[in-house]
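Novice: entry09.cif is reproduced below (mmCIF, C-alpha atoms).
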```
data_input
#
loop_
_atom_site.label_atom_id
_atom_site.label_comp_id
_atom_site.auth_asym_id
_atom_site.auth_seq_id
_atom_site.Cartn_x
_atom_site.Cartn_y
_atom_site.Cartn_z
CA MET A 172 -53.99 10.69 9.44
CA THR A 173 -50.53 11.75 8.29
CA ALA A 174 -48.32 8.95 6.98
CA ALA A 175 -45.01 8.46 8.77
CA ALA A 176 -41.95 9.64 6.90
CA PRO A 177 -39.84 6.80 5.50
CA ALA A 178 -36.79 5.95 7.58
CA LYS A 179 -33.61 7.51 6.27
CA THR A 180 -31.15 5.01 4.82
CA GLU A 181 -27.93 4.66 6.79
CA TYR A 182 -24.80 4.05 4.75
CA GLU A 183 -21.50 2.48 5.69
CA ALA A 184 -18.15 2.67 3.95
CA VAL A 185 -16.22 -0.34 2.72
CA ILE A 186 -12.51 0.49 2.66
CA GLY A 187 -9.38 -1.35 1.62
CA LEU A 188 -5.80 -0.08 1.51
CA GLU A 189 -2.94 -0.82 -0.86
CA ILE A 190 0.31 0.09 0.85
CA HIS A 191 3.52 0.35 -1.16
CA CYS A 192 6.56 0.05 1.06
CA GLN A 193 10.08 0.67 -0.22
CA LEU A 194 12.56 -1.89 1.07
CA SER A 195 15.80 -0.64 2.63
CA THR A 196 18.22 -2.51 0.42
CA ASN A 197 21.47 -0.97 -0.77
CA THR A 198 20.73 -1.75 -4.42
CA LYS A 199 17.67 -2.02 -6.63
CA ILE A 200 15.50 -5.08 -7.08
CA PHE A 201 16.93 -6.33 -10.40
CA THR A 202 20.13 -4.31 -10.89
CA PRO A 203 23.25 -3.33 -8.88
CA SER A 204 22.49 0.39 -9.11
CA SER A 205 22.16 2.19 -5.78
CA ALA A 206 18.71 2.55 -4.21
CA GLU A 207 19.80 5.43 -1.97
CA PHE A 208 17.39 8.35 -1.66
CA GLY A 209 18.33 11.94 -2.46
CA ALA A 210 20.99 11.61 -5.15
CA ASP A 211 21.22 14.00 -8.10
CA PRO A 212 18.64 13.17 -10.81
CA ASN A 213 19.45 10.24 -13.11
CA THR A 214 22.71 9.28 -11.40
CA HIS A 215 21.50 5.91 -10.05
CA ILE A 216 20.59 4.34 -13.37
CA ASP A 217 21.99 1.70 -15.71
CA PRO A 218 20.91 -0.14 -18.89
CA ILE A 219 18.55 -2.41 -16.94
CA THR A 220 16.85 0.48 -15.17
CA VAL A 221 16.11 2.35 -18.39
CA GLY A 222 15.07 -0.78 -20.30
CA MET A 223 17.79 -1.00 -22.95
CA PRO A 224 17.40 -3.87 -25.46
CA GLY A 225 18.95 -7.20 -24.52
CA VAL A 226 19.43 -6.57 -20.79
CA LEU A 227 18.39 -9.17 -18.22
CA PRO A 228 17.15 -8.58 -14.66
CA VAL A 229 18.55 -10.56 -11.70
CA LEU A 230 16.58 -10.72 -8.43
CA ASN A 231 18.23 -9.14 -5.40
CA GLU A 232 18.21 -11.91 -2.76
CA LYS A 233 17.86 -9.39 0.07
CA VAL A 234 14.54 -8.22 -1.45
CA LEU A 235 13.19 -11.77 -1.21
CA GLU A 236 14.38 -12.07 2.40
CA TYR A 237 12.76 -8.78 3.42
CA ALA A 238 9.50 -9.63 1.64
CA VAL A 239 9.27 -13.01 3.36
CA LYS A 240 10.01 -11.50 6.77
CA ALA A 241 7.34 -8.85 6.25
CA GLY A 242 4.89 -11.54 5.20
CA LEU A 243 5.63 -13.59 8.31
CA ALA A 244 5.25 -10.54 10.57
CA LEU A 245 1.84 -9.87 8.99
CA ASN A 246 0.75 -13.47 9.71
CA CYS A 247 0.70 -14.37 6.01
CA GLN A 248 1.15 -17.78 4.44
CA ILE A 249 4.46 -17.77 2.55
CA ALA A 250 4.20 -19.38 -0.88
CA PRO A 251 6.71 -22.17 -1.45
CA TYR A 252 6.43 -21.33 -5.17
CA SER A 253 5.80 -17.91 -6.67
CA LYS A 254 6.72 -15.99 -9.80
CA PHE A 255 7.10 -12.56 -11.35
CA ASP A 256 4.83 -11.11 -14.03
CA ARG A 257 4.87 -8.21 -16.46
CA LYS A 258 2.27 -5.52 -15.87
CA GLN A 259 1.88 -3.53 -19.07
CA TYR A 260 1.14 0.18 -19.02
CA PHE A 261 2.61 3.36 -20.46
CA TYR A 262 3.71 6.24 -18.30
CA PRO A 263 6.63 8.63 -18.88
CA ASP A 264 8.52 7.51 -15.76
CA LEU A 265 8.23 3.81 -16.62
CA PRO A 266 11.00 3.43 -19.22
CA LYS A 267 10.28 -0.20 -20.18
CA ASN A 268 6.53 0.47 -20.65
CA TYR A 269 5.92 -2.42 -18.26
CA GLN A 270 6.50 -3.05 -14.58
CA ILE A 271 7.85 -6.32 -13.17
CA SER A 272 5.42 -7.27 -10.41
CA GLN A 273 3.58 -10.37 -9.12
CA PHE A 274 0.05 -11.23 -10.18
CA ASP A 275 -1.58 -14.59 -9.54
CA LEU A 276 1.20 -16.25 -7.51
CA PRO A 277 2.45 -13.67 -4.95
CA ILE A 278 5.07 -14.40 -2.32
CA ALA A 279 2.58 -14.13 0.60
CA GLU A 280 -1.20 -14.33 1.10
CA HIS A 281 -4.00 -14.63 3.69
CA GLY A 282 -2.57 -12.61 6.57
CA TRP A 283 -3.93 -10.27 9.24
CA ILE A 284 -2.99 -7.68 11.85
CA ASN A 285 -4.83 -6.22 14.82
CA ILE A 286 -5.34 -2.49 15.13
CA GLU A 287 -6.12 -0.58 18.32
CA LEU A 288 -8.36 2.47 18.47
CA VAL A 289 -7.78 4.26 21.77
CA ASP A 290 -10.19 6.84 23.17
CA LYS A 291 -7.85 9.44 24.69
CA LYS A 292 -10.52 10.76 27.06
CA SER A 293 -11.72 7.47 28.51
CA GLY A 294 -8.65 5.35 27.82
CA ASN A 295 -10.88 2.62 26.41
CA VAL A 296 -9.41 0.48 23.64
CA GLU A 297 -11.25 -1.00 20.69
CA ARG A 298 -9.36 -3.76 18.91
CA LYS A 299 -10.15 -4.93 15.41
CA LYS A 300 -8.66 -7.63 13.21
CA ILE A 301 -7.92 -6.51 9.64
CA GLY A 302 -7.35 -9.15 6.99
CA ILE A 303 -4.49 -8.94 4.50
CA THR A 304 -5.24 -10.36 1.08
CA ARG A 305 -1.68 -10.54 -0.23
CA LEU A 306 1.84 -9.17 -0.15
CA HIS A 307 3.90 -9.14 -3.31
CA MET A 308 7.22 -7.81 -4.61
CA GLU A 309 7.58 -5.34 -7.47
CA GLU A 310 9.78 -2.58 -8.84
CA ASP A 311 9.03 1.10 -8.44
CA ALA A 312 8.62 3.56 -11.30
CA GLY A 313 10.60 6.79 -11.64
CA LYS A 314 9.51 10.27 -10.62
CA LEU A 315 8.06 13.15 -12.61
CA VAL A 316 9.19 16.63 -11.60
CA HIS A 317 6.73 19.29 -12.74
CA ALA A 318 8.37 22.64 -13.50
CA GLY A 319 6.60 25.80 -12.37
CA SER A 320 4.06 23.98 -10.19
CA ASP A 321 3.88 21.26 -7.54
CA ASN A 322 1.24 19.49 -9.61
CA LEU A 323 0.85 18.49 -13.23
CA ALA A 324 -1.90 21.07 -13.68
CA GLY A 325 -0.35 24.46 -14.14
CA SER A 326 3.18 23.23 -14.87
CA ALA A 327 5.07 24.49 -17.93
CA TYR A 328 6.80 21.16 -18.54
CA SER A 329 7.80 17.98 -16.74
CA LEU A 330 11.17 16.31 -16.22
CA VAL A 331 11.81 12.64 -15.46
CA ASP A 332 14.15 11.33 -12.75
CA TYR A 333 14.78 7.59 -13.13
CA ASN A 334 16.71 7.18 -9.87
CA ARG A 335 13.65 5.62 -8.20
CA ALA A 336 12.90 3.30 -11.15
CA GLY A 337 13.71 -0.25 -10.10
CA VAL A 338 13.78 0.47 -6.37
CA PRO A 339 12.30 -2.57 -4.56
CA LEU A 340 8.77 -2.40 -3.18
CA ILE A 341 6.41 -4.69 -1.38
CA GLU A 342 2.73 -4.02 -1.93
CA ILE A 343 0.45 -4.97 0.96
CA VAL A 344 -3.22 -5.28 0.02
CA SER A 345 -5.79 -5.37 2.81
CA GLU A 346 -9.17 -7.02 2.84
CA PRO A 347 -12.10 -4.54 2.67
CA ASP A 348 -12.47 -4.72 6.46
CA LEU A 349 -12.04 -1.03 7.27
CA ARG A 350 -15.06 1.20 7.81
CA THR A 351 -13.79 4.66 8.77
CA GLY A 352 -10.95 7.03 8.00
CA LYS A 353 -9.69 6.63 11.57
CA GLU A 354 -9.47 2.85 11.20
CA ALA A 355 -7.65 3.17 7.88
CA ALA A 356 -5.10 5.63 9.28
CA GLU A 357 -4.45 3.39 12.28
CA TYR A 358 -4.06 0.33 10.03
CA ALA A 359 -1.49 2.16 7.87
CA GLN A 360 0.41 3.26 10.98
CA GLU A 361 0.46 -0.29 12.33
CA VAL A 362 1.85 -1.61 9.04
CA ARG A 363 4.57 1.06 9.20
CA ARG A 364 5.41 0.05 12.78
CA VAL A 365 5.84 -3.56 11.67
CA VAL A 366 8.06 -2.57 8.74
CA ARG A 367 10.24 -0.40 10.98
CA TYR A 368 10.53 -2.99 13.75
CA LEU A 369 11.69 -5.54 11.17
CA GLY A 370 14.22 -3.09 9.73
CA VAL A 371 13.10 -3.87 6.17
CA GLY A 372 11.96 -0.28 5.42
CA ASP A 373 12.06 3.18 6.97
CA GLY A 374 8.41 4.03 6.23
CA ASN A 375 9.13 7.71 5.56
CA MET A 376 6.03 9.01 3.79
CA GLN A 377 7.64 12.39 3.09
CA GLU A 378 10.29 10.63 0.98
CA GLY A 379 7.80 8.31 -0.73
CA SER A 380 9.12 5.25 1.09
CA LEU A 381 5.57 4.44 2.21
CA ARG A 382 2.66 5.27 -0.08
CA CYS A 383 -1.00 4.39 0.39
CA ASP A 384 -3.82 4.06 -2.11
CA VAL A 385 -7.37 3.81 -0.77
CA ASN A 386 -10.24 1.87 -2.33
CA ILE A 387 -13.58 3.01 -0.98
CA SER A 388 -17.27 2.47 -1.68
CA ILE A 389 -20.46 2.93 0.31
CA ARG A 390 -23.51 0.71 0.74
CA PRO A 391 -26.70 0.70 2.81
CA ARG A 392 -25.90 -0.64 6.26
CA GLY A 393 -26.72 -4.34 6.39
CA GLN A 394 -26.29 -4.89 2.65
CA GLU A 395 -23.62 -7.44 1.69
CA ALA A 396 -23.04 -6.39 -1.92
CA PHE A 397 -20.39 -3.72 -2.44
CA GLY A 398 -21.04 -0.38 -4.08
CA THR A 399 -18.99 1.15 -6.90
CA LYS A 400 -15.34 1.38 -5.86
CA VAL A 401 -13.34 4.60 -6.10
CA GLU A 402 -9.55 4.75 -5.68
CA ILE A 403 -7.85 7.70 -3.96
CA LYS A 404 -4.17 8.54 -4.46
CA ASN A 405 -1.73 11.29 -3.47
CA MET A 406 -1.97 11.08 0.32
CA ASN A 407 1.35 11.84 1.97
CA SER A 408 0.43 11.54 5.66
CA PHE A 409 -1.78 9.48 7.94
CA SER A 410 -3.82 12.58 8.64
CA ALA A 411 -4.39 13.00 4.90
CA ILE A 412 -5.54 9.38 4.62
CA GLN A 413 -8.19 9.95 7.28
CA LYS A 414 -9.31 13.29 5.84
CA ALA A 415 -9.50 11.99 2.26
CA ILE A 416 -11.60 9.00 3.32
CA ASP A 417 -13.93 11.09 5.47
CA TYR A 418 -14.42 13.52 2.59
CA GLU A 419 -15.03 10.75 0.06
CA ILE A 420 -17.59 9.03 2.32
CA GLU A 421 -19.50 12.31 2.55
CA ARG A 422 -19.22 12.96 -1.20
CA GLN A 423 -20.45 9.51 -2.18
CA THR A 424 -23.27 9.54 0.37
CA GLU A 425 -24.54 12.91 -0.88
CA ALA A 426 -24.30 11.73 -4.50
CA VAL A 427 -26.32 8.58 -3.82
CA GLU A 428 -28.96 10.34 -1.74
CA SER A 429 -29.45 13.24 -4.15
CA GLY A 430 -29.24 11.18 -7.34
CA ASP A 431 -27.53 14.14 -9.05
CA GLU A 432 -24.18 12.42 -9.56
CA GLU A 433 -23.39 8.85 -10.59
CA ILE A 434 -20.59 7.14 -8.67
CA VAL A 435 -18.20 5.70 -11.28
CA GLN A 436 -15.15 3.48 -10.91
CA GLU A 437 -12.29 5.93 -11.15
CA THR A 438 -9.03 7.13 -9.64
CA ARG A 439 -9.23 10.37 -7.70
CA LEU A 440 -6.48 12.55 -6.22
CA TRP A 441 -6.50 14.10 -2.78
CA ASP A 442 -5.87 17.84 -3.02
CA GLU A 443 -4.25 18.88 0.25
CA SER A 444 -4.70 22.59 -0.42
CA THR A 445 -8.47 22.42 -0.91
CA GLN A 446 -9.12 19.31 1.22
CA VAL A 447 -11.17 17.60 -1.52
CA THR A 448 -10.74 14.67 -3.89
CA LYS A 449 -10.62 15.35 -7.62
CA SER A 450 -11.21 13.01 -10.52
CA MET A 451 -8.01 11.93 -12.30
CA ARG A 452 -8.86 9.07 -14.66
CA SER A 453 -11.11 6.05 -15.11
CA LYS A 454 -9.86 3.06 -13.15
CA GLU A 455 -8.24 0.21 -15.07
CA GLY A 456 -9.08 -3.41 -14.43
CA SER A 457 -6.53 -6.23 -14.26
CA SER A 458 -7.30 -7.20 -17.88
CA ASP A 459 -6.15 -3.75 -19.04
CA TYR A 460 -2.64 -4.49 -17.77
CA ARG A 461 -2.29 -7.66 -19.90
CA TYR A 462 -0.32 -9.55 -17.26
CA PHE A 463 1.82 -12.47 -18.38
CA PRO A 464 4.67 -14.38 -16.67
CA GLU A 465 7.99 -12.52 -16.74
CA PRO A 466 10.08 -14.52 -19.24
CA ASP A 467 13.46 -13.25 -18.00
CA LEU A 468 13.12 -14.36 -14.36
CA PRO A 469 12.78 -17.92 -13.05
CA PRO A 470 10.12 -18.89 -10.50
CA ILE A 471 10.91 -18.43 -6.80
CA GLU A 472 11.04 -21.39 -4.44
CA VAL A 473 11.42 -20.79 -0.70
CA SER A 474 12.59 -23.93 1.10
CA LYS A 475 11.30 -24.90 4.54
CA LYS A 476 14.86 -24.60 5.89
CA GLN A 477 15.25 -21.05 4.59
CA LEU A 478 11.80 -20.05 5.83
CA LYS A 479 12.60 -21.36 9.31
CA ALA A 480 15.91 -19.45 9.37
CA TRP A 481 14.28 -16.16 8.37
CA LYS A 482 11.46 -16.67 10.87
CA SER A 483 13.98 -17.18 13.69
CA GLU A 484 15.46 -13.73 12.95
CA LEU A 485 12.19 -11.83 13.51
CA PRO A 486 12.27 -9.35 16.43
CA GLU A 487 9.52 -8.80 18.97
CA LEU A 488 6.77 -7.10 16.98
CA PRO A 489 4.76 -4.01 18.00
CA ALA A 490 1.57 -5.87 18.97
CA ASP A 491 3.54 -8.41 21.02
CA LYS A 492 5.43 -5.63 22.81
CA ARG A 493 2.20 -3.77 23.63
CA ASP A 494 0.66 -6.98 24.96
CA ARG A 495 3.72 -7.64 27.13
CA TYR A 496 3.67 -4.11 28.56
CA GLU A 497 -0.01 -4.45 29.46
CA THR A 498 -0.01 -8.00 30.84
CA GLN A 499 3.40 -8.08 32.54
CA LEU A 500 3.90 -4.44 33.53
CA GLY A 501 0.27 -3.52 34.10
CA LEU A 502 0.34 -0.41 31.92
CA SER A 503 -2.76 1.04 30.33
CA ALA A 504 -3.37 0.63 26.62
CA TYR A 505 -2.82 4.36 26.09
CA ASP A 506 0.49 4.44 28.01
CA THR A 507 1.61 1.30 26.19
CA ARG A 508 1.05 2.89 22.83
CA VAL A 509 2.91 6.07 23.87
CA LEU A 510 5.92 4.02 24.97
#
```
Show me the file's structure as structure tokens.
Specialist:
Amino acid sequence: MTAAAPAKTEYEAVIGLEIHCQLSTNTKIFTPSSAEFGADPNTHIDPITVGMPGVLPVLNEKVLEYAVKAGLALNCQIAPYSKFDRKQYFYPDLPKNYQISQFDLPIAEHGWINIELVDKKSGNVERKKIGITRLHMEEDAGKLVHAGSDNLAGSAYSLVDYNRAGVPLIEIVSEPDLRTGKEAAEYAQEVRRVVRYLGVGDGNMQEGSLRCDVNISIRPRGQEAFGTKVEIKNMNSFSAIQKAIDYEIERQTEAVESGDEEIVQETRLWDESTQVTKSMRSKEGSSDYRYFPEPDLPPIEVSKKQLKAWKSELPELPADKRDRYETQLGLSAYDTRVL
């Protein structure tokens, strides 16, 4: 009697997104230099931006307001007390050799948003709640311009434009609740809708105002433990997010099943021209950044009175508008999303 073939293992992806959203303030996060996009290289800089000795940062109050409003719109708990930290790393477009960010006490935590996956053929809607681990404020780095090539590989030399250094960002970190590239792309689009409805950011991916990093691993379906996490960068559209995730799921699944390639914790880049991910560098852990409290900035305290005032200024948000169109106007989920 022939023995039955063993059942093939089914794998599922575990996906989380880190979304960096540039805030639409007139000036940078810690300096009065302009944050406007598109100026001639190195014209929106000052001693604070380039990290000259003895300079002191001062928090832009509008950045705090926009961060709190974004946190409220994403159903986060706003911290009455938070602080800034120094994140140490060297990169040519980071003139101070550290980034001012938030580590253990961010401005907002424990939020969520609902995403909607609409089947265009049937019109059926699948709704899913995606958790948000945290939202924090930080400054952006500058920009490297590679001469002779769009990418670092193949370029003759690189130039640095510090105009973007010090531009205010919020980083929104999701829980690992996403399972497919389609879900991840829809989640990123919903976050952009929220940001745009609030008026705190324009969400233009082509200008770098909204940038997404993906953390992805696979595991046998039904297993609770996570697999080895891989980060993917360099995705400049929602379509690219979905394609990069779908490719990486297939790559990791084939590697695990064949045993020919070990999945390692690393950062990979999405290559739009070849539609594949490529290894860039080993992934750092939080200990590699040597975080410590930023000594030049005081802690942040948001009073209940101020929080109430900012909350009262929130507009009707995308999910609320869609719900109103469906329940009060009787529109379908698909038509609601189009409108």
Novice: Apply the PyMOL selection byres ((chain A and resi 204-221) around 12) to the structure shown and report the selected residues as a PyMOL selection string.
Specialist: chain A and resi 193-203+222-229+231+234+263-271+310-316+330-340+373+375+377-380
Novice: So what do you get for CA of Ala327 (chain A) versus CA of Met376 (chain A), distance-wise?
Specialist: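 Pair CA of Ala327 (chain A) / CA of Met376 (chain A) returns 26.7 Å.
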Novice: Could you spell out the hits of the PyMOL selection byres ((chain A and resi 473) around 10) on the shown file, as an NGL selection string?
Specialist: :A and (235-236 or 239 or 249-253 or 278 or 471-472 or 474-478)
Novice: If you count all atoms listed in the file, which residues fall within 10 Å of Ser408 (chain A), apart from same-chain ones fewer than 5 positions away, as a ChimeraX atom specification?
Specialist: /A:356,359-360,375-377,381-383,413-414
Novice: What lies within 10 Å of Met451 (chain A) using all atoms listed in the file, ignoring chain neighbours under 5 positions off, as JSON, numbers by chain?
Specialist: {"A": [402, 403, 404, 437, 438, 439, 440, 441]}
Novice: Grab the residues selected above and save them as a PDB file, in the coordinates of the input with C-alpha atoms.
Specialist:
```pdb
ATOM      1  CA  GLU A 402      -9.550   4.750  -5.680  1.00  0.00           C
ATOM      2  CA  ILE A 403      -7.850   7.700  -3.960  1.00  0.00           C
ATOM      3  CA  LYS A 404      -4.170   8.540  -4.460  1.00  0.00           C
ATOM      4  CA  GLU A 437     -12.290   5.930 -11.150  1.00  0.00           C
ATOM      5  CA  THR A 438      -9.030   7.130  -9.640  1.00  0.00           C
ATOM      6  CA  ARG A 439      -9.230  10.370  -7.700  1.00  0.00           C
ATOM      7  CA  LEU A 440      -6.480  12.550  -6.220  1.00  0.00           C
ATOM      8  CA  TRP A 441      -6.500  14.100  -2.780  1.00  0.00           C
TER       9      TRP A 441
END
```
Novice: Evaluate the PyMOL selection byres ((chain A and resi 364) around 12) here and jot the selected residues down as number ranges by chain.
Specialist: A: 192, 241, 244-245, 284, 286, 357-363, 365-375, 381, 487-493, 508
Novice: Put those residues in a file: C-alpha atoms, as a short mmCIF file (atom, residue, chain, number, x, y, z; two decimals), keeping the file's coordinate frame.
Specialist:
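Written file, out_10.cif:
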```
data_model
loop_
_atom_site.label_atom_id
_atom_site.label_comp_id
_atom_site.auth_asym_id
_atom_site.auth_seq_id
_atom_site.Cartn_x
_atom_site.Cartn_y
_atom_site.Cartn_z
CA CYS A 192 6.56 0.05 1.06
CA ALA A 241 7.34 -8.85 6.25
CA ALA A 244 5.25 -10.54 10.57
CA LEU A 245 1.84 -9.87 8.99
CA ILE A 284 -2.99 -7.68 11.85
CA ILE A 286 -5.34 -2.49 15.13
CA GLU A 357 -4.45 3.39 12.28
CA TYR A 358 -4.06 0.33 10.03
CA ALA A 359 -1.49 2.16 7.87
CA GLN A 360 0.41 3.26 10.98
CA GLU A 361 0.46 -0.29 12.33
CA VAL A 362 1.85 -1.61 9.04
CA ARG A 363 4.57 1.06 9.20
CA VAL A 365 5.84 -3.56 11.67
CA VAL A 366 8.06 -2.57 8.74
CA ARG A 367 10.24 -0.40 10.98
CA TYR A 368 10.53 -2.99 13.75
CA LEU A 369 11.69 -5.54 11.17
CA GLY A 370 14.22 -3.09 9.73
CA VAL A 371 13.10 -3.87 6.17
CA GLY A 372 11.96 -0.28 5.42
CA ASP A 373 12.06 3.18 6.97
CA GLY A 374 8.41 4.03 6.23
CA ASN A 375 9.13 7.71 5.56
CA LEU A 381 5.57 4.44 2.21
CA GLU A 487 9.52 -8.80 18.97
CA LEU A 488 6.77 -7.10 16.98
CA PRO A 489 4.76 -4.01 18.00
CA ALA A 490 1.57 -5.87 18.97
CA ASP A 491 3.54 -8.41 21.02
CA LYS A 492 5.43 -5.63 22.81
CA ARG A 493 2.20 -3.77 23.63
CA ARG A 508 1.05 2.89 22.83
#
```
Novice: Can you work out which one of A:Thr424, A:Thr304, A:Thr448, A:Ser326 has the shortest atom-to-atom distance to Gly187 (chain A), counting all atoms listed in the file?
Specialist: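 Smallest separation from Gly187 (chain A) among the options: A:Thr304.
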Novice: What's the separation between CA of Tyr462 (chain A) and CA of Gln259 (chain A), in Å to one decimal place?
Specialist: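 Computing the Euclidean distance for CA of Tyr462 (chain A) and CA of Gln259 (chain A) yields 6.7 Å.
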Novice: Which of these residues is nearest to Val401 (chain A), using all atoms listed in the file: A:Val435, A:Ala318, A:Ala426, A:Met308?
Specialist: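 Nearest to Val401 (chain A): A:Val435.
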Novice: Suppose you want the space between CA of Val289 (chain A) and CA of Glu183 (chain A); what is it in Å?
Specialist: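 That distance, rounded to one decimal, is 21.2 Å.
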Novice: Using all atoms listed in the file, can you tell me which of A:Pro347, A:Ala480, A:Gln499, A:Val447 comes closest to Ile416 (chain A)?
Specialist: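 The answer is A:Val447, which sits nearest to Ile416 (chain A).
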Novice: For Leu243 (chain A), work out the shell of residues within 9 Å, counting all atoms listed in the file and skipping chain neighbours fewer than 5 positions away, then give it as a CSV table (one decimal) with C-alpha atoms, in the frame of the given file.
Specialist:
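Okay, selection.csv is ready:
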```
chain,number,residue,atom,x,y,z
A,238,ALA,CA,9.5,-9.6,1.6
A,248,GLN,CA,1.2,-17.8,4.4
A,249,ILE,CA,4.5,-17.8,2.6
A,279,ALA,CA,2.6,-14.1,0.6
A,282,GLY,CA,-2.6,-12.6,6.6
A,482,LYS,CA,11.5,-16.7,10.9
A,485,LEU,CA,12.2,-11.8,13.5
```
Novice: Taking into account all atoms listed in the file, which residue in the set A:Arg257, A:Lys300, A:Lys449, A:Lys353 is nearest to Phe409 (chain A)?
Specialist: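 For Phe409 (chain A), the nearest of the candidates is A:Lys353.
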Novice: Ranking A:Glu232, A:Lys240, A:Glu465, A:Glu287 by minimum distance to Pro486 (chain A) and counting all atoms listed in the file, which one comes first?
Specialist: A:Lys240
Novice: Please report, as lines of an AutoDock Vina configuration file, the centre and edge lengths in Å to one decimal of an axis-aligned box covering all listed atoms of region 468-471 of chain A with 6 Å per side.
Specialist:
```
center_x = 11.6
center_y = -16.6
center_z = -10.6
size_x = 15.0
size_y = 16.5
size_z = 19.6
```
Novice: Find the residue from A:Asp494, A:Asp348, A:Asp384, A:Glu181 that sits nearest to Asp506 (chain A); use all atoms listed in the file when measuring.
Specialist: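 Looking only at the distances to Asp506 (chain A), the closest residue turns out to be A:Asp494.
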Novice: Show me the residues close to (-27.4, -4.8, 3.0) - anything with an atom within 12 Å, counting all atoms listed in the file - and format the list as a PyMOL selection string.
Specialist: chain A and resi 180-184+389-398
Novice: Produce region 405-422 of chain A of the given structure as output with N, CA and C atoms, as a compact mmCIF listing (two decimals), in the first residue's frame.
Specialist:
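Result saved to out-v5.txt:
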```
# COMPACT_ATOMS: atom_id res chain seq x y z
N ASN A 405 12.23 51.86 -0.40
CA ASN A 405 12.32 52.38 -1.77
C ASN A 405 11.06 52.12 -2.59
N MET A 406 9.90 52.19 -1.96
CA MET A 406 8.65 52.03 -2.68
C MET A 406 7.97 53.39 -2.79
N ASN A 407 7.77 53.86 -4.02
CA ASN A 407 7.28 55.22 -4.22
C ASN A 407 5.85 55.29 -4.74
N SER A 408 5.10 54.21 -4.57
CA SER A 408 3.68 54.21 -4.94
C SER A 408 2.99 53.10 -4.18
N PHE A 409 1.65 53.19 -4.12
CA PHE A 409 0.89 52.13 -3.44
C PHE A 409 0.95 50.83 -4.24
N SER A 410 1.00 50.97 -5.56
CA SER A 410 1.16 49.79 -6.40
C SER A 410 2.48 49.09 -6.12
N ALA A 411 3.55 49.88 -5.93
CA ALA A 411 4.86 49.30 -5.63
C ALA A 411 4.86 48.60 -4.28
N ILE A 412 4.15 49.15 -3.31
CA ILE A 412 4.05 48.50 -2.00
C ILE A 412 3.45 47.11 -2.15
N GLN A 413 2.34 47.02 -2.89
CA GLN A 413 1.69 45.73 -3.07
C GLN A 413 2.57 44.76 -3.83
N LYS A 414 3.21 45.22 -4.91
CA LYS A 414 4.06 44.35 -5.71
C LYS A 414 5.27 43.87 -4.93
N ALA A 415 5.90 44.77 -4.16
CA ALA A 415 7.09 44.40 -3.39
C ALA A 415 6.75 43.35 -2.34
N ILE A 416 5.61 43.52 -1.68
CA ILE A 416 5.19 42.55 -0.67
C ILE A 416 4.87 41.21 -1.31
N ASP A 417 4.12 41.21 -2.39
CA ASP A 417 3.77 39.96 -3.06
C ASP A 417 5.04 39.22 -3.52
N TYR A 418 6.00 39.97 -4.04
CA TYR A 418 7.25 39.34 -4.47
C TYR A 418 8.00 38.76 -3.27
N GLU A 419 8.06 39.52 -2.18
CA GLU A 419 8.84 39.07 -1.02
C GLU A 419 8.19 37.86 -0.36
N ILE A 420 6.86 37.80 -0.35
CA ILE A 420 6.17 36.61 0.18
C ILE A 420 6.57 35.38 -0.63
N GLU A 421 6.57 35.53 -1.94
CA GLU A 421 6.94 34.41 -2.82
C GLU A 421 8.41 34.03 -2.62
N ARG A 422 9.28 35.03 -2.51
CA ARG A 422 10.72 34.74 -2.34
C ARG A 422 10.98 34.01 -1.03
```
